[in-house]
$ cat input.csv   # CSV, C-alpha atoms
chain,number,residue,atom,x,y,z
C,224,VAL,CA,-114.6,33.7,11.8
C,225,GLY,CA,-111.4,32.2,10.5
C,226,ALA,CA,-110.7,28.6,9.5
C,227,ARG,CA,-110.1,27.4,13.0
C,228,GLU,CA,-113.3,29.0,14.3
C,229,LEU,CA,-115.3,27.6,11.4
C,230,LEU,CA,-114.0,24.1,11.7
C,231,HIS,CA,-114.1,23.8,15.5
C,232,ASP,CA,-117.2,26.0,16.2
C,233,VAL,CA,-115.1,28.5,18.3
C,234,ASP,CA,-116.4,31.9,19.0
C,235,ARG,CA,-114.1,34.9,18.3
C,236,TRP,CA,-114.9,38.5,18.5
C,237,CYS,CA,-113.6,41.7,16.8
C,238,LEU,CA,-114.4,45.4,16.8
C,239,TRP,CA,-115.9,46.1,13.4
C,240,LEU,CA,-115.9,49.9,13.4
C,241,GLU,CA,-116.8,50.8,9.8
C,242,GLU,CA,-119.3,53.5,10.9
C,243,LEU,CA,-117.4,54.7,14.0
C,244,GLU,CA,-118.5,58.2,15.1
C,245,ALA,CA,-116.0,60.5,16.8
C,246,SER,CA,-118.5,60.9,19.6
C,247,ASP,CA,-118.5,57.1,20.1
C,248,LEU,CA,-114.7,57.1,20.5
C,249,GLN,CA,-114.9,59.9,23.1
C,250,ARG,CA,-117.4,58.0,25.2
C,251,SER,CA,-115.3,55.0,25.7
C,252,SER,CA,-111.8,55.2,27.1
C,253,LYS,CA,-111.2,51.5,26.5
C,254,LEU,CA,-112.1,51.8,22.9
C,255,LYS,CA,-109.9,54.9,22.5
C,256,THR,CA,-107.0,53.1,24.2
C,257,ARG,CA,-107.4,50.0,22.0
C,258,ILE,CA,-107.5,52.1,18.8
C,259,GLU,CA,-104.5,54.1,19.8
C,260,ALA,CA,-102.6,50.8,20.4
C,261,VAL,CA,-103.4,49.8,16.8
C,262,ARG,CA,-102.2,53.1,15.5
C,263,GLU,CA,-98.9,52.8,17.4
C,264,PHE,CA,-98.5,49.2,16.3
C,265,ARG,CA,-99.0,50.1,12.7
C,266,LEU,CA,-96.7,53.1,12.9
C,267,SER,CA,-93.9,50.9,14.2
C,268,SER,CA,-94.0,48.6,11.2
C,269,LYS,CA,-91.2,48.4,8.7
C,270,LYS,CA,-93.7,48.2,5.9
C,271,LYS,CA,-94.8,51.5,4.5
C,272,ALA,CA,-98.2,50.1,3.6
C,273,THR,CA,-98.8,49.1,7.2
C,274,ARG,CA,-97.6,52.5,8.5
C,275,ASP,CA,-100.1,54.2,6.1
C,276,LEU,CA,-102.9,52.2,7.7
C,277,ALA,CA,-102.2,54.0,11.0
C,278,ALA,CA,-104.3,56.9,9.6
C,279,THR,CA,-107.4,54.6,10.0
C,280,PRO,CA,-106.5,52.5,13.0
C,281,HIS,CA,-110.2,51.7,13.7
C,282,LEU,CA,-110.6,49.9,10.4
C,283,PHE,CA,-109.4,46.5,9.3
C,284,ALA,CA,-106.7,46.7,6.6
C,285,GLU,CA,-108.8,44.4,4.3
C,286,ARG,CA,-112.6,44.8,4.2
C,287,ARG,CA,-114.4,42.5,1.8
C,288,GLN,CA,-117.4,41.8,3.8
C,289,PRO,CA,-120.3,40.3,1.7
C,290,THR,CA,-123.6,42.2,1.5
C,291,MET,CA,-125.8,39.1,1.7
C,292,PRO,CA,-125.7,35.7,3.4
C,293,TYR,CA,-122.5,34.0,2.3
C,294,LEU,CA,-120.6,30.8,2.2
C,295,CYS,CA,-117.5,30.8,4.5
C,296,ILE,CA,-114.9,28.4,3.1
C,297,PRO,CA,-111.8,27.5,5.2
C,298,SER,CA,-108.5,27.9,3.4
C,299,VAL,CA,-107.1,24.6,4.8
C,300,VAL,CA,-108.9,21.4,6.0
C,301,SER,CA,-107.8,18.0,7.0
C,302,GLU,CA,-107.2,15.5,4.2
C,303,THR,CA,-109.2,12.9,6.2
C,304,ARG,CA,-112.5,14.8,5.9
C,305,LYS,CA,-115.2,13.0,3.9
C,306,PHE,CA,-116.8,16.4,3.0
C,307,PHE,CA,-115.4,19.9,2.8
C,308,THR,CA,-116.7,21.7,5.9
C,309,THR,CA,-118.2,25.0,5.1
C,310,ARG,CA,-121.0,27.1,6.6
C,311,ARG,CA,-123.4,29.8,5.5
C,312,LEU,CA,-123.1,33.0,7.6
C,313,PRO,CA,-125.1,36.1,8.0
C,314,VAL,CA,-123.7,39.5,6.8
C,315,ASP,CA,-123.0,40.6,10.4
C,316,THR,CA,-120.5,37.8,10.9
C,317,ILE,CA,-117.1,39.0,9.9
C,318,SER,CA,-114.7,36.6,8.1
C,319,SER,CA,-111.0,36.7,8.6
C,320,ASN,CA,-108.3,36.4,5.9
C,321,LEU,CA,-108.0,32.7,6.7
C,322,VAL,CA,-111.3,31.9,4.9
C,323,PHE,CA,-112.7,32.6,1.5
C,324,THR,CA,-116.2,33.9,1.1
C,325,ALA,CA,-118.8,33.6,-1.7
C,326,GLU,CA,-122.2,35.3,-1.6
C,327,ASP,CA,-124.9,32.5,-1.3
C,328,ALA,CA,-128.3,34.0,-0.8
C,329,ASP,CA,-130.3,30.8,-1.2
C,330,GLY,CA,-127.9,28.0,-0.1
C,331,TYR,CA,-127.1,26.6,-3.5
C,332,LEU,CA,-123.3,27.0,-3.2
C,333,PHE,CA,-123.4,25.5,0.3
C,334,GLY,CA,-125.1,22.4,-1.2
C,335,ILE,CA,-122.3,22.2,-3.9
C,336,VAL,CA,-119.4,22.7,-1.5
C,337,SER,CA,-120.8,20.2,1.0
C,338,SER,CA,-121.1,17.5,-1.6
C,339,SER,CA,-118.9,14.4,-2.1
C,340,MET,CA,-118.4,15.6,-5.7
C,341,PHE,CA,-116.7,18.8,-4.4
C,342,ILE,CA,-114.4,17.1,-1.9
C,343,THR,CA,-113.3,14.8,-4.7
C,344,TRP,CA,-112.6,17.8,-7.0
C,345,GLN,CA,-110.7,19.5,-4.2
C,346,LYS,CA,-108.5,16.4,-3.6
C,347,ALA,CA,-107.8,16.0,-7.3
C,348,ILE,CA,-107.3,19.6,-8.3
C,349,GLY,CA,-106.5,21.6,-5.1
C,350,GLY,CA,-103.2,22.3,-3.5
C,351,ARG,CA,-101.8,20.9,-0.3
C,352,LEU,CA,-100.3,22.4,2.9
C,353,GLU,CA,-98.2,19.5,4.1
C,354,SER,CA,-100.9,16.7,3.6
C,355,ARG,CA,-103.9,18.9,4.4
C,356,LEU,CA,-106.2,20.1,1.6
C,357,ARG,CA,-105.7,23.8,0.6
C,358,PHE,CA,-108.6,25.5,-1.0
C,359,SER,CA,-108.0,28.1,-3.7
C,360,ASN,CA,-110.5,30.4,-5.3
C,361,THR,CA,-108.6,30.5,-8.5
C,362,VAL,CA,-107.5,26.9,-9.0
C,363,VAL,CA,-110.3,25.0,-7.3
C,364,TRP,CA,-113.3,27.3,-7.3
C,365,ASN,CA,-113.0,29.1,-10.6
C,366,ASN,CA,-112.3,25.9,-12.5
C,367,LEU,CA,-115.1,23.8,-10.9
C,368,PRO,CA,-117.0,22.4,-13.9
C,369,LEU,CA,-120.5,23.2,-12.8
C,370,PRO,CA,-123.1,22.9,-15.5
C,371,VAL,CA,-126.0,25.3,-15.7
C,372,VAL,CA,-128.9,23.6,-13.9
C,373,ASN,CA,-132.6,24.0,-14.1
C,374,ASP,CA,-134.7,25.3,-11.2
C,375,GLN,CA,-135.7,21.9,-10.0
C,376,VAL,CA,-132.1,20.7,-9.8
C,377,ARG,CA,-131.1,23.9,-8.0
C,378,LYS,CA,-133.9,23.3,-5.5
C,379,ASP,CA,-132.8,19.7,-5.0
C,380,ILE,CA,-129.2,20.8,-4.3
C,381,ILE,CA,-130.4,23.5,-1.8
C,382,ALA,CA,-132.6,20.9,-0.1
C,383,ALA,CA,-129.6,18.5,0.1
C,384,GLY,CA,-127.6,21.3,1.8
C,385,ASP,CA,-130.5,21.9,4.2
C,386,GLY,CA,-130.1,18.2,5.1
C,387,VAL,CA,-126.5,18.7,5.9
C,388,VAL,CA,-127.4,21.5,8.3
C,389,ASP,CA,-130.1,19.3,9.9
C,390,ALA,CA,-127.6,16.5,10.4
C,391,ARG,CA,-125.0,18.8,11.9
C,392,ASN,CA,-127.7,20.1,14.3
C,393,LEU,CA,-128.2,16.6,15.5
C,394,HIS,CA,-124.5,16.4,16.5
C,395,PRO,CA,-123.4,19.8,17.7
C,396,GLU,CA,-120.2,18.3,19.1
$ encode --input "input.csv" --output "structure tokens"
Amino acid sequence: VGARELLHDVDRWCLWLEELEASDLQRSSKLKTRIEAVREFRLSSKKKATRDLAATPHLFAERRQPTMPYLCIPSVVSETRKFFTTRRLPVDTISSNLVFTAEDADGYLFGIVSSSMFITWQKAIGGRLESRLRFSNTVVWNNLPLPVVNDQVRKDIIAAGDGVVDARNLHPE
């Protein structure tokens, strides 16, 4: 899932081969061909770091996959949005480098980022790409002035986030 897939509900697939066994590779000529193509592509790069990655052509160069359900935050969204579109994803959904991730076991962060308060903060503090809103984990996220909340307020924010999901489900388009 990258920003485009998240914002427009587009399916995209990848081969996530963290636990690839040599025997798996030998059983699939298509997989073997694809991995060899990645090796060759990396070896042909002018960048030494990319050439070094040819040693592990079955692995993504960057692997920061969360270990629990997580919030997937697009790096750029339209400035006309009334709310910052985000989604909670399971650990088996791989996020690309065009989104930010934050572990969100209970949905609290989803409720925060889906709020009108957050989009207001984003518009005031965040950067721009042309006129579009550009999220930043350092400028926007790390500086978000969230107070410590009690358990009831936390539950209310999670419930509000659940309401956002319910509303989206009524309008899948």
$ closest_residue --input "input.csv" --among "C:Leu312, C:Val300, C:Leu229, C:Ile381" --to "Arg355 in chain C" --atoms "all atoms listed in the file"
C:Val300
$ closest_residue --input "input.csv" --among "C:Gly349, C:Gly386, C:Pro370, C:Gly334" --to "Val299 in chain C" --atoms "all atoms listed in the file"
C:Gly349
$ residues_around --input "input.csv" --residues "Ala226 in chain C" --least-positions-apart "3" --cutoff "12 Å" --atoms "all atoms listed in the file" --output "PDB file with C-alpha atoms, keeping the file's coordinate frame"
ATOM      1  CA  LEU C 229    -115.300  27.600  11.400  1.00  0.00           C
ATOM      2  CA  LEU C 230    -114.000  24.100  11.700  1.00  0.00           C
ATOM      3  CA  HIS C 231    -114.100  23.800  15.500  1.00  0.00           C
ATOM      4  CA  ASP C 232    -117.200  26.000  16.200  1.00  0.00           C
ATOM      5  CA  VAL C 233    -115.100  28.500  18.300  1.00  0.00           C
ATOM      6  CA  ASP C 234    -116.400  31.900  19.000  1.00  0.00           C
ATOM      7  CA  ARG C 235    -114.100  34.900  18.300  1.00  0.00           C
ATOM      8  CA  CYS C 295    -117.500  30.800   4.500  1.00  0.00           C
ATOM      9  CA  ILE C 296    -114.900  28.400   3.100  1.00  0.00           C
ATOM     10  CA  PRO C 297    -111.800  27.500   5.200  1.00  0.00           C
ATOM     11  CA  SER C 298    -108.500  27.900   3.400  1.00  0.00           C
ATOM     12  CA  VAL C 299    -107.100  24.600   4.800  1.00  0.00           C
ATOM     13  CA  VAL C 300    -108.900  21.400   6.000  1.00  0.00           C
ATOM     14  CA  SER C 301    -107.800  18.000   7.000  1.00  0.00           C
ATOM     15  CA  PHE C 307    -115.400  19.900   2.800  1.00  0.00           C
ATOM     16  CA  THR C 308    -116.700  21.700   5.900  1.00  0.00           C
ATOM     17  CA  THR C 309    -118.200  25.000   5.100  1.00  0.00           C
ATOM     18  CA  ARG C 310    -121.000  27.100   6.600  1.00  0.00           C
ATOM     19  CA  SER C 318    -114.700  36.600   8.100  1.00  0.00           C
ATOM     20  CA  SER C 319    -111.000  36.700   8.600  1.00  0.00           C
ATOM     21  CA  ASN C 320    -108.300  36.400   5.900  1.00  0.00           C
ATOM     22  CA  LEU C 321    -108.000  32.700   6.700  1.00  0.00           C
ATOM     23  CA  VAL C 322    -111.300  31.900   4.900  1.00  0.00           C
ATOM     24  CA  PHE C 323    -112.700  32.600   1.500  1.00  0.00           C
ATOM     25  CA  THR C 324    -116.200  33.900   1.100  1.00  0.00           C
ATOM     26  CA  ARG C 357    -105.700  23.800   0.600  1.00  0.00           C
ATOM     27  CA  PHE C 358    -108.600  25.500  -1.000  1.00  0.00           C
TER      28      PHE C 358
END
$ closest_residue --input "input.csv" --among "C:Leu352, C:Ala284, C:Ile380, C:Leu254" --to "Gly330 in chain C" --atoms "only C-alpha atoms"
C:Ile380
$ axis_aligned_box --input "input.csv" --around "range 379-384 of chain C" --padding-each-side "8 Å" --output "lines of an AutoDock Vina configuration file"
center_x = -130.2
center_y = 21.0
center_z = -1.6
size_x = 21.2
size_y = 21.0
size_z = 22.8
$ atom_distance --input "input.csv" --atom1 "CA of Pro289 in chain C" --atom2 "CA of Glu244 in chain C"
22.4 Å
$ atom_distance --input "input.csv" --atom1 "CA of Leu238 in chain C" --atom2 "CA of Phe283 in chain C"
9.1 Å
$ residues_around --input "input.csv" --residues "Val261 in chain C" --least-positions-apart "2" --cutoff "8 Å" --atoms "only C-alpha atoms" --output "number ranges by chain"
C: 257-259, 263-265, 277, 280-281
$ residues_around --input "input.csv" --residues "Thr343 in chain C" --least-positions-apart "3" --cutoff "12 Å" --atoms "all atoms listed in the file" --output "PyMOL selection string"
chain C and resi 302-307+335-340+346-349+356+363+367
$ atom_distance --input "input.csv" --atom1 "CA of Asp327 in chain C" --atom2 "CA of Tyr293 in chain C"
4.6 Å
$ closest_residue --input "input.csv" --among "C:Arg311, C:Arg227, C:Lys255, C:Arg274" --to "Met291 in chain C" --atoms "only C-alpha atoms"
C:Arg311
$ closest_residue --input "input.csv" --among "C:Val388, C:Leu282, C:Ala260, C:Leu369" --to "Glu241 in chain C" --atoms "all atoms listed in the file"
C:Leu282
$ decode --input "input.csv" --residues "range 229-379 of chain C" --atoms "C-alpha atoms" --output "CSV table (one decimal), in the first residue's frame"
chain,number,residue,atom,x,y,z
C,229,LEU,CA,-4.6,4.0,0.2
C,230,LEU,CA,-6.4,7.1,-1.0
C,231,HIS,CA,-8.1,5.5,-4.0
C,232,ASP,CA,-8.6,2.0,-2.6
C,233,VAL,CA,-6.4,0.4,-5.3
C,234,ASP,CA,-5.1,-3.2,-4.8
C,235,ARG,CA,-1.4,-3.6,-5.4
C,236,TRP,CA,0.7,-6.7,-4.8
C,237,CYS,CA,4.3,-7.5,-4.0
C,238,LEU,CA,6.4,-10.5,-3.2
C,239,TRP,CA,7.4,-10.2,0.5
C,240,LEU,CA,10.1,-12.9,0.8
C,241,GLU,CA,11.5,-12.3,4.2
C,242,GLU,CA,11.5,-16.0,5.0
C,243,LEU,CA,12.4,-17.3,1.6
C,244,GLU,CA,13.8,-20.9,1.6
C,245,ALA,CA,16.2,-21.9,-1.1
C,246,SER,CA,13.9,-24.9,-1.8
C,247,ASP,CA,11.0,-22.4,-2.5
C,248,LEU,CA,13.2,-20.7,-5.1
C,249,GLN,CA,14.1,-23.9,-6.8
C,250,ARG,CA,10.4,-25.0,-7.1
C,251,SER,CA,9.4,-21.8,-9.0
C,252,SER,CA,11.1,-20.8,-12.2
C,253,LYS,CA,9.0,-17.6,-12.4
C,254,LEU,CA,10.1,-16.6,-8.9
C,255,LYS,CA,13.7,-17.5,-9.7
C,256,THR,CA,13.5,-15.4,-12.9
C,257,ARG,CA,12.0,-12.4,-11.1
C,258,ILE,CA,14.6,-12.4,-8.4
C,259,GLU,CA,17.4,-12.8,-10.8
C,260,ALA,CA,16.0,-9.7,-12.7
C,261,VAL,CA,16.1,-7.7,-9.5
C,262,ARG,CA,19.7,-8.8,-8.9
C,263,GLU,CA,20.7,-7.7,-12.4
C,264,PHE,CA,18.9,-4.4,-12.0
C,265,ARG,CA,20.6,-3.7,-8.8
C,266,LEU,CA,24.0,-4.7,-10.1
C,267,SER,CA,23.6,-2.3,-13.0
C,268,SER,CA,23.1,0.7,-10.7
C,269,LYS,CA,25.6,3.5,-10.5
C,270,LYS,CA,25.0,3.7,-6.7
C,271,LYS,CA,27.2,1.4,-4.6
C,272,ALA,CA,24.5,1.0,-2.0
C,273,THR,CA,22.1,-0.3,-4.6
C,274,ARG,CA,24.7,-2.6,-6.1
C,275,ASP,CA,25.4,-4.0,-2.6
C,276,LEU,CA,21.7,-4.9,-2.3
C,277,ALA,CA,22.1,-7.3,-5.2
C,278,ALA,CA,23.4,-9.8,-2.6
C,279,THR,CA,19.8,-10.0,-1.3
C,280,PRO,CA,17.6,-9.5,-4.4
C,281,HIS,CA,14.6,-11.2,-2.8
C,282,LEU,CA,14.4,-8.6,0.0
C,283,PHE,CA,13.1,-5.0,-0.1
C,284,ALA,CA,15.9,-2.5,0.5
C,285,GLU,CA,13.9,-0.9,3.3
C,286,ARG,CA,11.9,-3.2,5.6
C,287,ARG,CA,10.2,-1.4,8.5
C,288,GLN,CA,7.1,-3.4,8.7
C,289,PRO,CA,5.1,-2.9,11.9
C,290,THR,CA,4.6,-5.9,14.2
C,291,MET,CA,1.0,-5.0,15.2
C,292,PRO,CA,-2.0,-3.4,13.4
C,293,TYR,CA,-0.9,0.0,12.3
C,294,LEU,CA,-1.9,3.3,10.9
C,295,CYS,CA,-1.0,3.9,7.3
C,296,ILE,CA,-0.6,7.7,6.7
C,297,PRO,CA,-0.2,9.0,3.1
C,298,SER,CA,2.8,11.3,2.5
C,299,VAL,CA,0.7,13.7,0.4
C,300,VAL,CA,-3.0,14.4,0.2
C,301,SER,CA,-5.2,17.0,-1.5
C,302,GLU,CA,-5.5,20.3,0.2
C,303,THR,CA,-9.3,20.1,-0.4
C,304,ARG,CA,-9.8,17.2,2.0
C,305,LYS,CA,-11.9,18.0,5.0
C,306,PHE,CA,-10.2,15.1,6.9
C,307,PHE,CA,-6.8,13.5,6.6
C,308,THR,CA,-7.4,10.1,5.0
C,309,THR,CA,-5.7,7.3,6.8
C,310,ARG,CA,-6.4,3.7,7.4
C,311,ARG,CA,-5.5,1.0,10.0
C,312,LEU,CA,-4.0,-2.0,8.4
C,313,PRO,CA,-3.1,-5.5,9.5
C,314,VAL,CA,0.6,-6.6,9.9
C,315,ASP,CA,0.4,-8.7,6.7
C,316,THR,CA,-0.3,-5.6,4.6
C,317,ILE,CA,3.0,-4.2,3.4
C,318,SER,CA,3.4,-0.4,3.2
C,319,SER,CA,5.6,1.3,0.6
C,320,ASN,CA,8.0,4.2,1.1
C,321,LEU,CA,5.2,6.6,0.0
C,322,VAL,CA,3.4,6.3,3.4
C,323,PHE,CA,4.3,6.6,7.0
C,324,THR,CA,3.3,4.0,9.5
C,325,ALA,CA,2.6,4.2,13.2
C,326,GLU,CA,1.7,1.1,15.4
C,327,ASP,CA,-2.0,1.5,16.5
C,328,ALA,CA,-3.1,-1.6,18.3
C,329,ASP,CA,-6.4,-0.2,19.5
C,330,GLY,CA,-7.4,2.5,17.0
C,331,TYR,CA,-6.6,5.5,19.1
C,332,LEU,CA,-4.2,7.1,16.6
C,333,PHE,CA,-6.7,6.5,13.8
C,334,GLY,CA,-9.3,8.5,15.7
C,335,ILE,CA,-6.8,11.3,16.2
C,336,VAL,CA,-5.5,11.5,12.6
C,337,SER,CA,-9.1,11.2,11.2
C,338,SER,CA,-10.2,14.2,13.2
C,339,SER,CA,-10.9,17.8,12.1
C,340,MET,CA,-8.4,18.9,14.7
C,341,PHE,CA,-5.6,16.9,13.0
C,342,ILE,CA,-6.3,18.2,9.5
C,343,THR,CA,-6.3,21.8,10.9
C,344,TRP,CA,-2.9,21.1,12.5
C,345,GLN,CA,-1.6,19.6,9.2
C,346,LYS,CA,-2.7,22.6,7.2
C,347,ALA,CA,-1.2,25.0,9.7
C,348,ILE,CA,2.1,23.2,10.5
C,349,GLY,CA,2.8,20.7,7.6
C,350,GLY,CA,4.6,21.2,4.4
C,351,ARG,CA,3.3,21.5,0.9
C,352,LEU,CA,4.0,19.8,-2.4
C,353,GLU,CA,2.7,22.4,-4.8
C,354,SER,CA,-0.6,23.1,-3.1
C,355,ARG,CA,-1.2,19.6,-1.7
C,356,LEU,CA,-0.7,18.8,2.0
C,357,ARG,CA,2.6,17.0,2.8
C,358,PHE,CA,2.7,15.0,6.0
C,359,SER,CA,5.9,14.8,7.9
C,360,ASN,CA,6.6,12.5,10.9
C,361,THR,CA,9.1,15.0,12.3
C,362,VAL,CA,7.4,18.4,11.7
C,363,VAL,CA,3.7,17.4,11.9
C,364,TRP,CA,3.5,14.2,13.9
C,365,ASN,CA,6.3,14.6,16.5
C,366,ASN,CA,5.1,18.1,17.3
C,367,LEU,CA,1.4,17.4,17.6
C,368,PRO,CA,0.4,18.8,21.0
C,369,LEU,CA,-1.6,15.8,22.3
C,370,PRO,CA,-2.3,15.9,26.0
C,371,VAL,CA,-2.3,12.8,28.1
C,372,VAL,CA,-5.9,11.5,28.2
C,373,ASN,CA,-7.7,9.4,30.7
C,374,ASP,CA,-9.1,6.0,29.7
C,375,GLN,CA,-12.6,7.3,29.0
C,376,VAL,CA,-11.4,10.0,26.6
C,377,ARG,CA,-9.2,7.4,24.9
C,378,LYS,CA,-12.3,5.1,24.5
C,379,ASP,CA,-14.3,8.0,23.1
